[in-house]
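Source file: input05.tsv (TSV, C-alpha atoms and all ligand atoms)
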```
chain	number	residue	atom	x	y	z
Y	1	MET	CA	12.31	1.19	-9.13
Y	2	LYS	CA	13.41	2.08	-5.58
Y	3	ILE	CA	10.46	1.54	-3.26
Y	4	ALA	CA	10.00	2.23	0.47
Y	5	ILE	CA	7.22	0.25	2.16
Y	6	LEU	CA	6.13	1.92	5.41
Y	7	GLY	CA	4.72	-0.62	7.85
Y	8	GLY	CA	6.69	-3.14	5.83
Y	9	THR	CA	7.04	-5.48	8.81
Y	10	GLY	CA	3.28	-6.20	8.62
Y	11	SER	CA	1.28	-8.79	6.69
Y	12	PHE	CA	0.68	-6.78	3.53
Y	13	GLY	CA	3.94	-4.85	3.43
Y	14	SER	CA	5.98	-8.03	3.91
Y	15	ALA	CA	4.06	-9.90	1.18
Y	16	LEU	CA	4.56	-6.98	-1.20
Y	17	ALA	CA	8.25	-6.66	-0.32
Y	18	LYS	CA	8.80	-10.37	-0.90
Y	19	ARG	CA	7.07	-10.18	-4.28
Y	20	LEU	CA	9.00	-7.10	-5.45
Y	21	ALA	CA	12.40	-8.13	-4.08
Y	22	ALA	CA	13.37	-9.80	-7.36
Y	23	THR	CA	12.52	-6.84	-9.60
Y	24	ASP	CA	12.91	-3.71	-7.49
Y	25	GLU	CA	15.13	-2.15	-4.87
Y	26	VAL	CA	12.95	-2.44	-1.76
Y	27	VAL	CA	13.42	-0.98	1.70
Y	28	ILE	CA	10.86	-1.81	4.38
Y	29	GLY	CA	10.18	0.72	7.09
Y	30	SER	CA	9.20	0.22	10.71
Y	31	ARG	CA	8.73	2.43	13.76
Y	32	ASP	CA	11.55	0.38	15.24
Y	33	ALA	CA	14.95	0.04	13.51
Y	34	GLU	CA	15.67	-3.40	14.98
Y	35	ARG	CA	12.26	-4.77	13.95
Y	36	ALA	CA	12.91	-3.49	10.43
Y	37	ARG	CA	16.35	-5.10	10.34
Y	38	VAL	CA	15.10	-8.52	11.45
Y	39	ALA	CA	12.13	-8.54	9.04
Y	40	ALA	CA	14.24	-7.19	6.16
Y	41	GLU	CA	16.83	-9.93	6.61
Y	42	GLU	CA	14.12	-12.59	6.36
Y	43	LEU	CA	12.65	-10.99	3.23
Y	44	GLY	CA	15.97	-10.34	1.51
Y	45	VAL	CA	15.42	-6.58	1.27
Y	46	ALA	CA	16.76	-3.53	3.11
Y	47	GLY	CA	15.24	-2.30	6.37
Y	48	ALA	CA	15.19	1.05	8.19
Y	49	THR	CA	13.05	3.25	10.36
Y	50	ASN	CA	10.07	4.66	8.45
Y	51	GLU	CA	11.78	8.05	8.43
Y	52	ASP	CA	15.06	6.76	6.99
Y	53	ALA	CA	13.32	4.41	4.56
Y	54	VAL	CA	11.69	7.21	2.56
Y	55	ALA	CA	15.00	8.91	1.69
Y	56	ASN	CA	16.00	8.76	-1.98
Y	57	VAL	CA	13.26	6.43	-3.20
Y	58	ASP	CA	11.03	6.70	-6.29
Y	59	LEU	CA	7.81	5.66	-4.57
Y	60	VAL	CA	6.63	5.38	-0.95
Y	61	VAL	CA	4.01	2.71	-0.20
Y	62	LEU	CA	1.98	3.62	2.88
Y	63	ALA	CA	1.17	0.16	4.30
Y	64	CYS	CA	0.48	0.95	7.97
Y	65	PRO	CA	-2.86	-0.06	9.50
Y	66	ALA	CA	-5.71	2.06	8.11
Y	67	SER	CA	-6.23	3.65	11.51
Y	68	ALA	CA	-2.60	4.82	11.54
Y	69	ALA	CA	-2.08	5.77	7.88
Y	70	LEU	CA	-2.99	9.43	8.21
Y	71	VAL	CA	-1.04	10.10	11.42
Y	72	THR	CA	1.98	8.26	9.98
Y	73	ALA	CA	1.83	10.37	6.80
Y	74	GLN	CA	1.51	13.54	8.88
Y	75	SER	CA	4.53	12.64	11.00
Y	76	LEU	CA	6.65	11.93	7.89
Y	77	ARG	CA	5.55	14.97	5.87
Y	78	GLU	CA	9.00	16.55	5.79
Y	79	ALA	CA	10.88	13.30	5.25
Y	80	ILE	CA	8.63	12.28	2.34
Y	81	GLY	CA	8.75	15.74	0.77
Y	82	THR	CA	7.47	15.52	-2.80
Y	83	THR	CA	8.19	11.82	-3.38
Y	84	PRO	CA	5.09	10.12	-4.84
Y	85	VAL	CA	3.07	8.02	-2.39
Y	86	LEU	CA	0.83	4.98	-2.93
Y	87	SER	CA	-1.79	4.55	-0.20
Y	88	VAL	CA	-3.06	0.95	0.16
Y	89	ALA	CA	-5.10	1.53	3.32
Y	90	SER	CA	-8.68	0.32	3.31
Y	91	ALA	CA	-11.44	1.40	5.64
Y	92	LEU	CA	-13.51	-1.66	6.47
Y	93	ARG	CA	-16.17	0.68	7.80
Y	94	VAL	CA	-16.79	3.95	5.96
Y	95	GLN	CA	-16.53	6.69	8.58
Y	96	ASP	CA	-15.84	9.75	6.49
Y	97	ASP	CA	-17.00	11.04	3.14
Y	98	ARG	CA	-13.35	11.51	2.20
Y	99	SER	CA	-11.15	8.48	1.66
Y	100	ILE	CA	-8.03	7.78	3.71
Y	101	ALA	CA	-5.99	8.42	0.56
Y	102	GLU	CA	-7.53	11.87	0.03
Y	103	GLN	CA	-6.85	12.76	3.65
Y	104	VAL	CA	-3.26	11.55	3.27
Y	105	ALA	CA	-2.94	13.69	0.12
Y	106	ASP	CA	-4.17	16.72	2.08
Y	107	ALA	CA	-1.57	16.05	4.78
Y	108	LEU	CA	1.44	15.73	2.45
Y	109	ASP	CA	3.31	17.88	-0.05
Y	110	ALA	CA	3.70	14.72	-2.16
Y	111	PRO	CA	1.37	13.50	-4.91
Y	112	VAL	CA	-0.69	10.51	-3.72
Y	113	ALA	CA	-2.19	7.58	-5.60
Y	114	ALA	CA	-4.25	4.78	-4.04
Y	115	GLY	CA	-4.51	1.15	-4.98
Y	116	LEU	CA	-4.07	-2.57	-4.29
Y	117	HIS	CA	-6.98	-2.45	-1.81
Y	118	THR	CA	-8.46	-5.74	-2.99
Y	119	VAL	CA	-5.11	-7.55	-3.15
Y	120	ALA	CA	-4.89	-9.51	0.09
Y	121	ALA	CA	-1.51	-10.24	1.63
Y	122	ALA	CA	-2.17	-13.94	0.97
Y	123	THR	CA	-2.89	-13.34	-2.74
Y	124	VAL	CA	-0.07	-10.97	-3.74
Y	125	GLY	CA	1.20	-12.35	-7.06
Y	126	GLY	CA	-2.09	-14.13	-7.75
Y	127	GLU	CA	-4.24	-14.05	-10.90
Y	128	GLN	CA	-6.24	-10.93	-10.17
Y	129	ASP	CA	-6.28	-7.30	-11.26
Y	130	ALA	CA	-5.04	-4.38	-9.16
Y	131	LEU	CA	-6.97	-1.12	-9.35
Y	132	VAL	CA	-5.10	2.16	-8.90
Y	133	CYS	CA	-6.56	5.68	-8.82
Y	134	GLY	CA	-5.02	9.11	-8.51
Y	135	ASP	CA	-4.96	12.66	-9.84
Y	136	ASP	CA	-1.20	13.03	-10.32
Y	137	ALA	CA	0.10	11.43	-13.53
Y	138	ARG	CA	3.55	10.54	-12.15
Y	139	ALA	CA	2.31	9.04	-8.87
Y	140	LYS	CA	-0.25	7.01	-10.77
Y	141	GLU	CA	2.24	5.84	-13.38
Y	142	LEU	CA	4.72	4.62	-10.73
Y	143	SER	CA	1.91	3.01	-8.71
Y	144	LEU	CA	0.55	1.23	-11.79
Y	145	GLU	CA	4.06	-0.02	-12.55
Y	146	LEU	CA	4.37	-1.42	-9.02
Y	147	ALA	CA	0.82	-2.85	-9.16
Y	148	GLY	CA	1.59	-4.62	-12.43
Y	149	ARG	CA	4.37	-6.52	-10.72
Y	150	ALA	CA	2.37	-7.16	-7.52
Y	151	VAL	CA	-0.36	-9.22	-9.24
Y	152	GLY	CA	-0.52	-11.85	-11.97
Y	153	GLY	CA	-3.35	-9.97	-13.66
Y	154	ARG	CA	-3.45	-6.37	-14.86
Y	155	ALA	CA	-2.78	-3.03	-13.23
Y	156	ILE	CA	-5.81	-0.92	-14.12
Y	157	ASP	CA	-6.14	2.87	-14.05
Y	158	ALA	CA	-9.34	3.36	-12.03
Y	159	GLY	CA	-9.65	7.12	-12.42
Y	160	PRO	CA	-9.21	10.06	-10.05
Y	161	LEU	CA	-8.20	9.92	-6.38
Y	162	ALA	CA	-11.83	10.52	-5.37
Y	163	ASN	CA	-12.46	6.93	-6.53
Y	164	ALA	CA	-10.37	5.77	-3.56
Y	165	ARG	CA	-13.63	6.10	-1.58
Y	166	ALA	CA	-15.06	3.22	-3.62
Y	167	LEU	CA	-11.82	1.23	-3.74
Y	168	GLU	CA	-11.23	1.48	0.02
Y	169	GLY	CA	-14.82	0.32	0.57
Y	170	LEU	CA	-14.44	-2.57	-1.85
Y	171	THR	CA	-12.16	-4.32	0.63
Y	172	GLY	CA	-15.14	-4.85	2.95
Y	173	VAL	CA	-16.99	-6.54	0.08
Y	174	VAL	CA	-14.07	-8.87	-0.63
Y	175	VAL	CA	-13.72	-9.68	3.08
Y	176	ALA	CA	-17.44	-10.59	3.22
Y	177	VAL	CA	-17.05	-12.86	0.16
Y	178	ASN	CA	-13.99	-14.47	1.73
Y	179	LYS	CA	-15.91	-15.21	4.92
Y	180	ARG	CA	-18.99	-16.53	3.10
Y	181	TYR	CA	-17.08	-18.84	0.72
Y	182	LYS	CA	-13.99	-19.47	2.90
Y	183	VAL	CA	-11.64	-18.30	0.12
Y	184	HIS	CA	-9.12	-15.56	-0.65
Y	185	ALA	CA	-11.04	-13.79	-3.43
Y	186	GLY	CA	-9.56	-11.18	-5.75
Y	187	VAL	CA	-11.10	-8.78	-8.25
Y	188	ARG	CA	-10.97	-9.16	-12.02
Y	189	LEU	CA	-12.58	-6.73	-14.48
Y	190	THR	CA	-14.01	-7.90	-17.79
Y	191	GLY	CA	-14.25	-6.11	-21.12
Y	192	LEU	CA	-10.82	-4.49	-21.08
Y	201	LIG	N1	-3.60	-7.38	5.01
Y	201	LIG	C1	-4.08	-7.35	3.76
Y	201	LIG	O1	-4.39	-8.40	3.18
Y	201	LIG	C2	-4.23	-6.03	3.05
Y	201	LIG	C3	-4.58	-6.01	1.69
Y	201	LIG	C4	-4.64	-4.79	1.01
Y	201	LIG	C5	-4.41	-3.61	1.71
Y	201	LIG	N2	-4.11	-3.67	3.04
Y	201	LIG	C6	-3.83	-2.43	3.75
Y	201	LIG	O2	-2.45	-2.46	4.07
Y	201	LIG	C7	-2.23	-1.81	5.30
Y	201	LIG	C8	-1.46	-2.73	6.22
Y	201	LIG	O3	-2.23	-3.88	6.50
Y	201	LIG	P1	-1.60	-5.08	7.35
Y	201	LIG	O4	-2.64	-6.10	7.45
Y	201	LIG	O5	-0.25	-5.43	6.79
Y	201	LIG	O6	-1.40	-4.35	8.76
Y	201	LIG	P2	-0.57	-4.78	10.06
Y	201	LIG	O7	0.20	-6.04	9.76
Y	201	LIG	O8	-1.49	-4.77	11.20
Y	201	LIG	O9	0.42	-3.54	10.26
Y	201	LIG	C9	1.46	-3.21	9.38
Y	201	LIG	C10	2.59	-2.57	10.15
Y	201	LIG	O10	2.24	-1.24	10.52
Y	201	LIG	C11	2.98	-0.88	11.69
Y	201	LIG	N3	2.06	-0.29	12.68
Y	201	LIG	C12	1.21	-0.91	13.52
Y	201	LIG	N4	0.53	-0.03	14.27
Y	201	LIG	C13	0.97	1.20	13.89
Y	201	LIG	C14	0.68	2.51	14.32
Y	201	LIG	N5	-0.23	2.76	15.27
Y	201	LIG	N6	1.35	3.54	13.72
Y	201	LIG	C15	2.26	3.31	12.75
Y	201	LIG	N7	2.60	2.06	12.31
Y	201	LIG	C16	1.95	1.03	12.88
Y	201	LIG	C17	3.60	-2.15	12.24
Y	201	LIG	O11	4.98	-2.09	11.95
Y	201	LIG	P3	6.06	-1.61	13.04
Y	201	LIG	O12	5.54	-2.03	14.40
Y	201	LIG	O13	7.27	-2.40	12.64
Y	201	LIG	O14	6.20	-0.15	12.88
Y	201	LIG	C18	2.95	-3.26	11.45
Y	201	LIG	O15	3.83	-4.35	11.20
Y	201	LIG	C19	-3.60	-1.41	5.87
Y	201	LIG	O16	-3.82	-0.05	5.63
Y	201	LIG	C20	-4.56	-2.27	5.07
Y	201	LIG	O17	-5.81	-1.63	4.89
Y	201	LIG	C21	-3.99	-4.83	3.72
```
Represent the structure from my file as C-alpha cells, please.
Ligand SMILES: NC(=O)c1ccc[n+]([C@@H]2O[C@H](COP(=O)([O-])OP(=O)(O)OC[C@H]3O[C@@H](n4cnc5c(N)ncnc54)[C@H](OP(=O)(O)O)[C@@H]3O)[C@@H](O)[C@H]2O)c1
Amino acid sequence: MKIAILGGTGSFGSALAKRLAATDEVVIGSRDAERARVAAEELGVAGATNEDAVANVDLVVLACPASAALVTAQSLREAIGTTPVLSVASALRVQDDRSIAEQVADALDAPVAAGLHTVAAATVGGEQDALVCGDDARAKELSLELAGRAVGGRAIDAGPLANARALEGLTGVVVAVNKRYKVHAGVRLTGL
C-alpha cells in the first residue's frame, strides 16, 4: 500500500513509518520540506511537504498533534481530495461531543476512519490490538490493513466513526495506567 503520514517527523508518525517501511511504500509529510527530507533519510522512507506527500497515495494517516489535526486537514482539503484518511489523533481531555475524527470527516471530501489511538509510539509493533472505527467501508478496510501491520496483535473493527469519541478518550485511560504502573500499556480484547 502507498501511505502518506502527515506529521511523520513526529514521535508517532516516525515510529509508524519505521514499522511500515519494510512492507509498504511510505512517504512522511512535514510542514517543512527539509525537515521531511532529513527525517525520511533516517527512517529509510520518502519525505515531502504534507501537501506533496498526499499525492497519489492509497491512504493518508493524519498524525499531527491533536490540537492541529483539524486545521491541517482543512488546509489540505483540496490536496487530499477523496483519498481515504486515517485519523490517529487523541484528545487527552474531552472538549467536544464530537470526536476529532468526526470533525476531520466534516472538513474533508475524503472518507475518514480513526484508529491506533492506544498504540503508543514506543509500542508500535508490540503485542497489542489496534482498534479502528469508521463509516466508509474502503477507508476502514485500508486502515485495518495498515493497523494489522502496525501491531503484533489484531486489527479490530470497532464500529462506526462515532465510536472515535470513545477511542480518542481511551488514550487518556492508557496514559493514566502508564503513569501509575510506569509501563507502556497497550489494549487487548478478549473473546474474539
Ligand atoms: N505519541 C504517541 O504515542 C501517540 C500514540 C497514538 C496516537 N497518537 C496521535 O498521533 C498524533 C501525533 O502525535 P505525536 O506524539 O507524534 O506528535 P508530535 O511529535 O508532537 O507532532 C507530530 C508532528 O506534527 C507536526 N506539527 C507540530 N505542530 C504542528 C501544527 N501546529 N500544525 C501542523 N503540524 C504540526 C510536526 O511536524 P513538522 O514540524 O515536521 O511539520 C511534528 O513532528 C497525535 O494526534 C496523537 O494524538 C500519538
* **8 Å shell around ligand LIG 201 (chain Y) using only C-alpha atoms and all ligand atoms, listed as a PyMOL selection string** => chain Y and resi 6-14+29-32+35-36+50+62-69+71-72+87-92+116-123+168+171
May I have the residues from that selection written out with C-alpha atoms, as a compact mmCIF listing (two decimals), in the frame of the given file?
```
# COMPACT_ATOMS: atom_id res chain seq x y z
CA LEU Y 6 6.13 1.92 5.41
CA GLY Y 7 4.72 -0.62 7.85
CA GLY Y 8 6.69 -3.14 5.83
CA THR Y 9 7.04 -5.48 8.81
CA GLY Y 10 3.28 -6.20 8.62
CA SER Y 11 1.28 -8.79 6.69
CA PHE Y 12 0.68 -6.78 3.53
CA GLY Y 13 3.94 -4.85 3.43
CA SER Y 14 5.98 -8.03 3.91
CA GLY Y 29 10.18 0.72 7.09
CA SER Y 30 9.20 0.22 10.71
CA ARG Y 31 8.73 2.43 13.76
CA ASP Y 32 11.55 0.38 15.24
CA ARG Y 35 12.26 -4.77 13.95
CA ALA Y 36 12.91 -3.49 10.43
CA ASN Y 50 10.07 4.66 8.45
CA LEU Y 62 1.98 3.62 2.88
CA ALA Y 63 1.17 0.16 4.30
CA CYS Y 64 0.48 0.95 7.97
CA PRO Y 65 -2.86 -0.06 9.50
CA ALA Y 66 -5.71 2.06 8.11
CA SER Y 67 -6.23 3.65 11.51
CA ALA Y 68 -2.60 4.82 11.54
CA ALA Y 69 -2.08 5.77 7.88
CA VAL Y 71 -1.04 10.10 11.42
CA THR Y 72 1.98 8.26 9.98
CA SER Y 87 -1.79 4.55 -0.20
CA VAL Y 88 -3.06 0.95 0.16
CA ALA Y 89 -5.10 1.53 3.32
CA SER Y 90 -8.68 0.32 3.31
CA ALA Y 91 -11.44 1.40 5.64
CA LEU Y 92 -13.51 -1.66 6.47
CA LEU Y 116 -4.07 -2.57 -4.29
CA HIS Y 117 -6.98 -2.45 -1.81
CA THR Y 118 -8.46 -5.74 -2.99
CA VAL Y 119 -5.11 -7.55 -3.15
CA ALA Y 120 -4.89 -9.51 0.09
CA ALA Y 121 -1.51 -10.24 1.63
CA ALA Y 122 -2.17 -13.94 0.97
CA THR Y 123 -2.89 -13.34 -2.74
CA GLU Y 168 -11.23 1.48 0.02
CA THR Y 171 -12.16 -4.32 0.63
```
Polymer residues at most 6 Å from (13.0, 5.0, -1.7) by only C-alpha atoms, as a PyMOL selection string: chain Y and resi 2-4+54-59
Using C-alpha atoms, can you export the residues from the last selection as a JSON list (two decimals), in the coordinates of the input?
```json
[["chain", "number", "residue", "atom", "x", "y", "z"],
["Y", 2, "LYS", "CA", 13.41, 2.08, -5.58],
["Y", 3, "ILE", "CA", 10.46, 1.54, -3.26],
["Y", 4, "ALA", "CA", 10.00, 2.23, 0.47],
["Y", 54, "VAL", "CA", 11.69, 7.21, 2.56],
["Y", 55, "ALA", "CA", 15.00, 8.91, 1.69],
["Y", 56, "ASN", "CA", 16.00, 8.76, -1.98],
["Y", 57, "VAL", "CA", 13.26, 6.43, -3.20],
["Y", 58, "ASP", "CA", 11.03, 6.70, -6.29],
["Y", 59, "LEU", "CA", 7.81, 5.66, -4.57]]
```
Nearest to Y:Leu161, restricted to all atoms listed in the file and choosing among Y:Lys182, Y:Arg77, Y:Lys140, Y:Arg19, comes out as Y:Lys140
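Nearest to Y:Leu142 of all the residues Y:Gly126, Y:Val60, Y:Asn163, Y:Val174 is Y:Val60, counting all atoms listed in the file.
In this structure, atom CA of Y:Gly153 sits 7.8 Å away from atom CA of Y:Arg188.
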Query - Sel. within 9 Å of pt (-4.5, 9.5, 3.1), counting all atoms listed in the file, output as an MDAnalysis selection string - result: chainID Y and resid 62 69:70 73 87 89 99:108 112 114
With distances taken over all atoms listed in the file, the candidate from Y:Gly115, Y:Asp52, Y:Val27, Y:Gly148 nearest Y:Ala40 is Y:Val27
So how far away is atom CA of Y:Asp24 from atom CA of Y:Asp157, in Å?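 Separating atom CA of Y:Asp157 from atom CA of Y:Asp24 is a distance of 21.2 Å.
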**OP:** Mind giving me the straight-line distance from atom CA of Y:Lys18 to atom CA of Y:Val177 in Å, one decimal?
**Re:**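 Interatomic distance here is 26.0 Å.
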From the list Y:Leu146, Y:Ala39, Y:Leu76, Y:Ala21, the nearest residue to Y:Ala53 using all atoms listed in the file is Y:Leu76
In terms of all atoms listed in the file, the residue from Y:Gly125, Y:Gly159, Y:Gly81, Y:Gly186 at minimal distance from Y:Ala113 is Y:Gly159
Practice problem: Quick one: everything within 12 Å of Y:Thr190, counting only C-alpha atoms, minus sequence neighbours fewer than 5 positions away in the same chain. Send it as a PyMOL selection string. | Solution: chain Y and resi 128-129+153-154+156
**Request:** Rank nothing, just name the residue among Y:Ala137, Y:Ala130, Y:Ala176, Y:Met1 nearest to Y:Ala158, using only C-alpha atoms.
**Result:**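 When distances to Y:Ala158 are compared using only C-alpha atoms, the smallest one comes from Y:Ala130.
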Exercise for review: Excluding Y:Val61 and any residue of its chain fewer than 5 positions from it, enumerate the residues within 6 Å of it, using only C-alpha atoms, and give them as a PyMOL selection string.
Suggested key: chain Y and resi 5+85-86
